[in-house]
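Some notes on the structure that comes next.
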Amino acid sequence: MKHPGVKSVGWALVQTSRLHRSRMGDKLAKLDLFAGQEQVLQALASEGRMTMGELATILRVRPPTASKTVSRLAAMKLVERHTEPGDARVVRVKLTKEGKKKAASIDELWNEVEEELLDGFDPKDRKRLRKLLRKGAKNLAKLTGADLEGFDSPEDELEDAEPDTDSDIAA
């Protein structure tokens, strides 16, 4: 039996995303984490201290969603929240020492699942897939009014400066 959307790119993307999240969830459970929490830890490991608004923006979630996840991670002593001196309305979040250790472990798990996902893909196909997915995400972000930051990588900009000889991904 086949799903009626099997020929749809969107359907394939949703299925891949679900299976990726499930695989990551299985691996994260070994670190006593749930899917979604790793993204907060990774963002903080990359950016350092962030406000709740900045964190919500980089994760592309609503502020209450980011706040709930941060509260759970704070209870686990993986993050700390501090009010801004002079303005108690601004709360900044940062990793604890234990949070930094978890973030490093998450990077290893993320790379493992990435390799599993892309098994059999050559480097050119990996780059092409990443670029196409970013382009699709950017298209939808424009239509939904989402933040357009973070979809382009410096690597993509360098590629765009060179003539594209690959006709199946030409813009």
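Ligands are numbered from 1 in the order shown, chains are lettered A, B, ... in the order of the structure tokens, and residues start at 1 in each chain.
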
Review point. When DSSP works through the backbone of this structure, what residues of chain A end up as strand (DSSP E or B), shown as a PyMOL selection string?
Key: chain A and resi 50-51+79-84+87-95

Taking all heavy atoms for each residue, export the selection above as a CSV table (one decimal), in the first residue's frame.
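Writing the result to out06.csv gives the following:
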```csv
chain,number,residue,atom,x,y,z
A,50,MET,N,22.1,34.3,25.2
A,50,MET,CA,21.1,34.8,24.3
A,50,MET,C,19.9,35.2,25.1
A,50,MET,O,19.6,34.6,26.2
A,50,MET,CB,20.7,33.7,23.3
A,50,MET,CG,21.8,33.3,22.5
A,50,MET,SD,21.3,31.9,21.4
A,50,MET,CE,20.3,32.7,20.2
A,51,THR,N,19.1,36.2,24.6
A,51,THR,CA,17.8,36.5,25.2
A,51,THR,C,16.8,35.5,24.8
A,51,THR,O,17.1,34.7,23.8
A,51,THR,CB,17.3,37.9,24.8
A,51,THR,OG1,17.0,37.9,23.4
A,51,THR,CG2,18.3,39.0,25.1
A,79,VAL,N,21.1,24.8,31.8
A,79,VAL,CA,21.2,26.2,31.4
A,79,VAL,C,20.9,27.1,32.7
A,79,VAL,O,20.3,26.6,33.6
A,79,VAL,CB,20.2,26.6,30.3
A,79,VAL,CG1,20.4,25.8,29.0
A,79,VAL,CG2,18.7,26.4,30.8
A,80,GLU,N,21.3,28.3,32.6
A,80,GLU,CA,21.1,29.3,33.6
A,80,GLU,C,20.4,30.5,33.0
A,80,GLU,O,20.8,30.9,31.9
A,80,GLU,CB,22.3,29.8,34.3
A,80,GLU,CG,23.1,28.7,35.0
A,80,GLU,CD,24.5,29.2,35.6
A,80,GLU,OE1,25.0,30.2,35.0
A,80,GLU,OE2,25.0,28.6,36.5
A,81,ARG,N,19.5,31.1,33.7
A,81,ARG,CA,18.8,32.3,33.3
A,81,ARG,C,19.3,33.5,34.2
A,81,ARG,O,19.3,33.3,35.4
A,81,ARG,CB,17.3,32.2,33.4
A,81,ARG,CG,16.7,31.2,32.3
A,81,ARG,CD,15.3,31.1,32.5
A,81,ARG,NE,15.0,30.2,33.6
A,81,ARG,CZ,13.9,29.6,33.7
A,81,ARG,NH1,12.9,29.8,32.9
A,81,ARG,NH2,13.7,28.8,34.8
A,82,HIS,N,19.6,34.6,33.6
A,82,HIS,CA,20.0,35.8,34.4
A,82,HIS,C,19.3,37.0,33.8
A,82,HIS,O,19.2,37.2,32.6
A,82,HIS,CB,21.5,36.0,34.3
A,82,HIS,CG,22.3,34.8,34.8
A,82,HIS,ND1,22.6,34.6,36.1
A,82,HIS,CD2,23.0,33.8,34.1
A,82,HIS,CE1,23.3,33.5,36.3
A,82,HIS,NE2,23.5,33.0,35.1
A,83,THR,N,18.8,37.8,34.7
A,83,THR,CA,18.2,39.1,34.3
A,83,THR,C,19.3,40.1,33.9
A,83,THR,O,20.4,40.0,34.5
A,83,THR,CB,17.3,39.7,35.3
A,83,THR,OG1,18.0,39.9,36.5
A,83,THR,CG2,16.1,38.8,35.6
A,84,GLU,N,19.0,40.9,33.0
A,84,GLU,CA,20.0,41.9,32.6
A,84,GLU,C,20.1,43.0,33.6
A,84,GLU,O,19.1,43.5,34.1
A,84,GLU,CB,19.5,42.6,31.3
A,84,GLU,CG,20.4,43.5,30.5
A,84,GLU,CD,21.5,42.7,29.8
A,84,GLU,OE1,21.4,41.5,29.7
A,84,GLU,OE2,22.5,43.3,29.5
A,87,ASP,N,17.8,46.2,33.7
A,87,ASP,CA,16.5,45.9,33.1
A,87,ASP,C,16.1,44.5,33.3
A,87,ASP,O,16.4,43.6,32.6
A,87,ASP,CB,16.6,46.2,31.6
A,87,ASP,CG,15.2,46.2,30.9
A,87,ASP,OD1,14.2,45.8,31.5
A,87,ASP,OD2,15.2,46.6,29.7
A,88,ALA,N,15.4,44.3,34.4
A,88,ALA,CA,15.0,42.9,34.8
A,88,ALA,C,14.0,42.3,33.9
A,88,ALA,O,13.8,41.1,34.0
A,88,ALA,CB,14.4,43.0,36.2
A,89,ARG,N,13.5,43.0,32.9
A,89,ARG,CA,12.6,42.4,31.9
A,89,ARG,C,13.4,41.6,30.9
A,89,ARG,O,12.8,40.7,30.3
A,89,ARG,CB,11.8,43.5,31.2
A,89,ARG,CG,10.9,44.3,32.1
A,89,ARG,CD,10.3,45.5,31.3
A,89,ARG,NE,11.4,46.4,30.9
A,89,ARG,CZ,11.3,47.4,30.1
A,89,ARG,NH1,10.2,47.7,29.6
A,89,ARG,NH2,12.4,48.1,29.8
A,90,VAL,N,14.6,41.9,30.7
A,90,VAL,CA,15.5,41.1,29.8
A,90,VAL,C,16.1,40.0,30.5
A,90,VAL,O,16.9,40.1,31.4
A,90,VAL,CB,16.5,42.0,29.1
A,90,VAL,CG1,17.4,41.3,28.2
A,90,VAL,CG2,15.9,43.2,28.4
A,91,VAL,N,15.8,38.8,30.0
A,91,VAL,CA,16.4,37.6,30.6
A,91,VAL,C,17.4,36.9,29.6
A,91,VAL,O,17.0,36.7,28.4
A,91,VAL,CB,15.3,36.5,31.0
A,91,VAL,CG1,15.9,35.2,31.5
A,91,VAL,CG2,14.4,37.1,32.0
A,92,ARG,N,18.6,36.7,30.0
A,92,ARG,CA,19.6,36.0,29.1
A,92,ARG,C,19.8,34.6,29.6
A,92,ARG,O,19.8,34.3,30.8
A,92,ARG,CB,20.9,36.8,29.1
A,92,ARG,CG,20.7,38.1,28.5
A,92,ARG,CD,22.1,38.7,28.1
A,92,ARG,NE,21.9,40.0,27.5
A,92,ARG,CZ,21.7,40.2,26.2
A,92,ARG,NH1,21.7,39.2,25.4
A,92,ARG,NH2,21.6,41.4,25.7
A,93,VAL,N,20.0,33.7,28.7
A,93,VAL,CA,20.2,32.3,29.0
A,93,VAL,C,21.6,31.9,28.5
A,93,VAL,O,22.1,32.3,27.5
A,93,VAL,CB,19.2,31.4,28.2
A,93,VAL,CG1,19.3,30.0,28.6
A,93,VAL,CG2,17.8,31.9,28.5
A,94,LYS,N,22.2,31.0,29.3
A,94,LYS,CA,23.5,30.5,28.9
A,94,LYS,C,23.7,29.1,29.4
A,94,LYS,O,23.0,28.7,30.3
A,94,LYS,CB,24.7,31.4,29.5
A,94,LYS,CG,24.9,31.3,31.0
A,94,LYS,CD,26.1,32.1,31.4
A,94,LYS,CE,26.5,31.8,32.8
A,94,LYS,NZ,27.8,32.3,33.2
A,95,LEU,N,24.6,28.4,28.8
A,95,LEU,CA,24.9,27.0,29.2
A,95,LEU,C,25.6,27.0,30.5
A,95,LEU,O,26.5,27.8,30.8
A,95,LEU,CB,25.7,26.3,28.2
A,95,LEU,CG,25.0,26.0,26.8
A,95,LEU,CD1,26.0,25.4,25.9
A,95,LEU,CD2,23.8,25.1,27.0
```

Please build the interface table for segment 64-158 of chain A against segment 27-33 of chain A with a cut-off of 8 Å, listing for each qualifying residue the nearest atom pair and the distance in Å to one decimal; count only C-alpha atoms, order rows by chain and increasing number, and write it as JSON lines.
```
{"residue": "A:Lys102", "atom": "CA", "partner": "A:Leu31", "partner_atom": "CA", "distance": 7.5}
{"residue": "A:Ile106", "atom": "CA", "partner": "A:Leu28", "partner_atom": "CA", "distance": 7.5}
{"residue": "A:Leu109", "atom": "CA", "partner": "A:Lys27", "partner_atom": "CA", "distance": 6.8}
```

With C-alpha atoms retained, export the selected residues as a short mmCIF file (atom, residue, chain, number, x, y, z; two decimals), in the first residue's frame.
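And here is the file that came out, out-v8.cif:
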```
data_model
loop_
_atom_site.label_atom_id
_atom_site.label_comp_id
_atom_site.auth_asym_id
_atom_site.auth_seq_id
_atom_site.Cartn_x
_atom_site.Cartn_y
_atom_site.Cartn_z
CA LYS A 102 25.82 17.79 26.78
CA ILE A 106 24.84 16.28 21.01
CA LEU A 109 25.07 12.34 17.93
#
```

*Shell of 8 Å around segment 55-62 of chain A, only C-alpha atoms, local chain residues under 3 positions omitted, as a list in words*: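 Surrounding residues, per the criterion: Gln39, Val40, Ala43, Met50, Thr51, Met52, Thr65, Ala66, Ala146, Asp147 and Gly150 of chain A.
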
Write the residues of the preceding selection, restricted to N, CA and C atoms, as a PDB file, in the first residue's frame.
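Generated file (out.pdb):
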```pdb
ATOM      1  N   GLN A  39      18.329  21.325  20.269  1.00  0.00           N
ATOM      2  CA  GLN A  39      18.460  22.520  19.450  1.00  0.00           C
ATOM      3  C   GLN A  39      18.750  23.752  20.305  1.00  0.00           C
ATOM      4  N   VAL A  40      18.154  23.809  21.486  1.00  0.00           N
ATOM      5  CA  VAL A  40      18.423  24.914  22.413  1.00  0.00           C
ATOM      6  C   VAL A  40      19.878  24.859  22.872  1.00  0.00           C
ATOM      7  N   ALA A  43      22.215  25.837  20.001  1.00  0.00           N
ATOM      8  CA  ALA A  43      22.170  27.273  19.728  1.00  0.00           C
ATOM      9  C   ALA A  43      22.974  28.040  20.769  1.00  0.00           C
ATOM     10  N   MET A  50      22.121  34.347  25.240  1.00  0.00           N
ATOM     11  CA  MET A  50      21.079  34.840  24.338  1.00  0.00           C
ATOM     12  C   MET A  50      19.860  35.238  25.147  1.00  0.00           C
ATOM     13  N   THR A  51      19.105  36.212  24.637  1.00  0.00           N
ATOM     14  CA  THR A  51      17.817  36.520  25.250  1.00  0.00           C
ATOM     15  C   THR A  51      16.823  35.453  24.812  1.00  0.00           C
ATOM     16  N   MET A  52      15.717  35.379  25.495  1.00  0.00           N
ATOM     17  CA  MET A  52      14.683  34.413  25.116  1.00  0.00           C
ATOM     18  C   MET A  52      14.169  34.716  23.710  1.00  0.00           C
ATOM     19  N   THR A  65       7.280  28.679  23.577  1.00  0.00           N
ATOM     20  CA  THR A  65       7.863  27.358  23.329  1.00  0.00           C
ATOM     21  C   THR A  65       9.314  27.338  23.789  1.00  0.00           C
ATOM     22  N   ALA A  66      10.064  28.373  23.425  1.00  0.00           N
ATOM     23  CA  ALA A  66      11.464  28.462  23.856  1.00  0.00           C
ATOM     24  C   ALA A  66      11.541  28.551  25.373  1.00  0.00           C
ATOM     25  N   ALA A 146       8.225  34.615   8.154  1.00  0.00           N
ATOM     26  CA  ALA A 146       9.242  34.164   9.105  1.00  0.00           C
ATOM     27  C   ALA A 146      10.558  34.878   8.838  1.00  0.00           C
ATOM     28  N   ASP A 147      11.417  34.865   9.824  1.00  0.00           N
ATOM     29  CA  ASP A 147      12.743  35.468   9.716  1.00  0.00           C
ATOM     30  C   ASP A 147      13.522  34.783   8.595  1.00  0.00           C
ATOM     31  N   GLY A 150      19.680  33.107   8.311  1.00  0.00           N
ATOM     32  CA  GLY A 150      20.153  31.766   8.613  1.00  0.00           C
ATOM     33  C   GLY A 150      19.915  30.721   7.539  1.00  0.00           C
TER      34      GLY A 150
END
```

For Gln42 of chain A, the closest of A:Leu143, A:Ala104, A:Val113, A:Asp125 counting only C-alpha atoms is A:Ala104

Practice item. Would you please extract all alpha helix (DSSP H) residues from segment 9-170 of chain A, as assigned by DSSP on the backbone, and give them as a PyMOL selection string? Key: chain A and resi 9-29+37-47+52-59+63-75+97-117+123-144+154-161

I'd like the contact shell of Ala45 of chain A - 8 Å cut-off, only C-alpha atoms, skipping same-chain residues fewer than 4 positions apart - returned as a list in words.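 So the residues in contact are Leu41, Leu95, Lys100 and Ala103 of chain A.
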
Exercise for review: In Å, rounded to a single decimal, give me how far atom CA of Thr16 of chain A is from atom CA of Met1 of chain A.
Suggested key: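 Interatomic distance, atom CA of Met1 of chain A to atom CA of Thr16 of chain A: 18.5 Å.
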
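Atom pair atom CA of Leu78 of chain A / atom CA of Glu108 of chain A: separated by 17.6 Å.
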
- Query: Using only C-alpha atoms, which residue out of A:Glu116, A:Leu73, A:Ala137, A:Ser8 lies closest to Leu44 of chain A?
  - Reply: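 Going through A:Glu116, A:Leu73, A:Ala137, A:Ser8 one by one, the smallest distance to Leu44 of chain A is for A:Leu73.
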
Computed gap from atom CA of Gly36 of chain A to atom CA of Gly99 of chain A is 14.6 Å

- Item | Contacts of Leu148 of chain A within 8 Å, only C-alpha atoms, excl. fewer than 4 positions in-chain, as a ChimeraX atom specification | /A:138,141-142
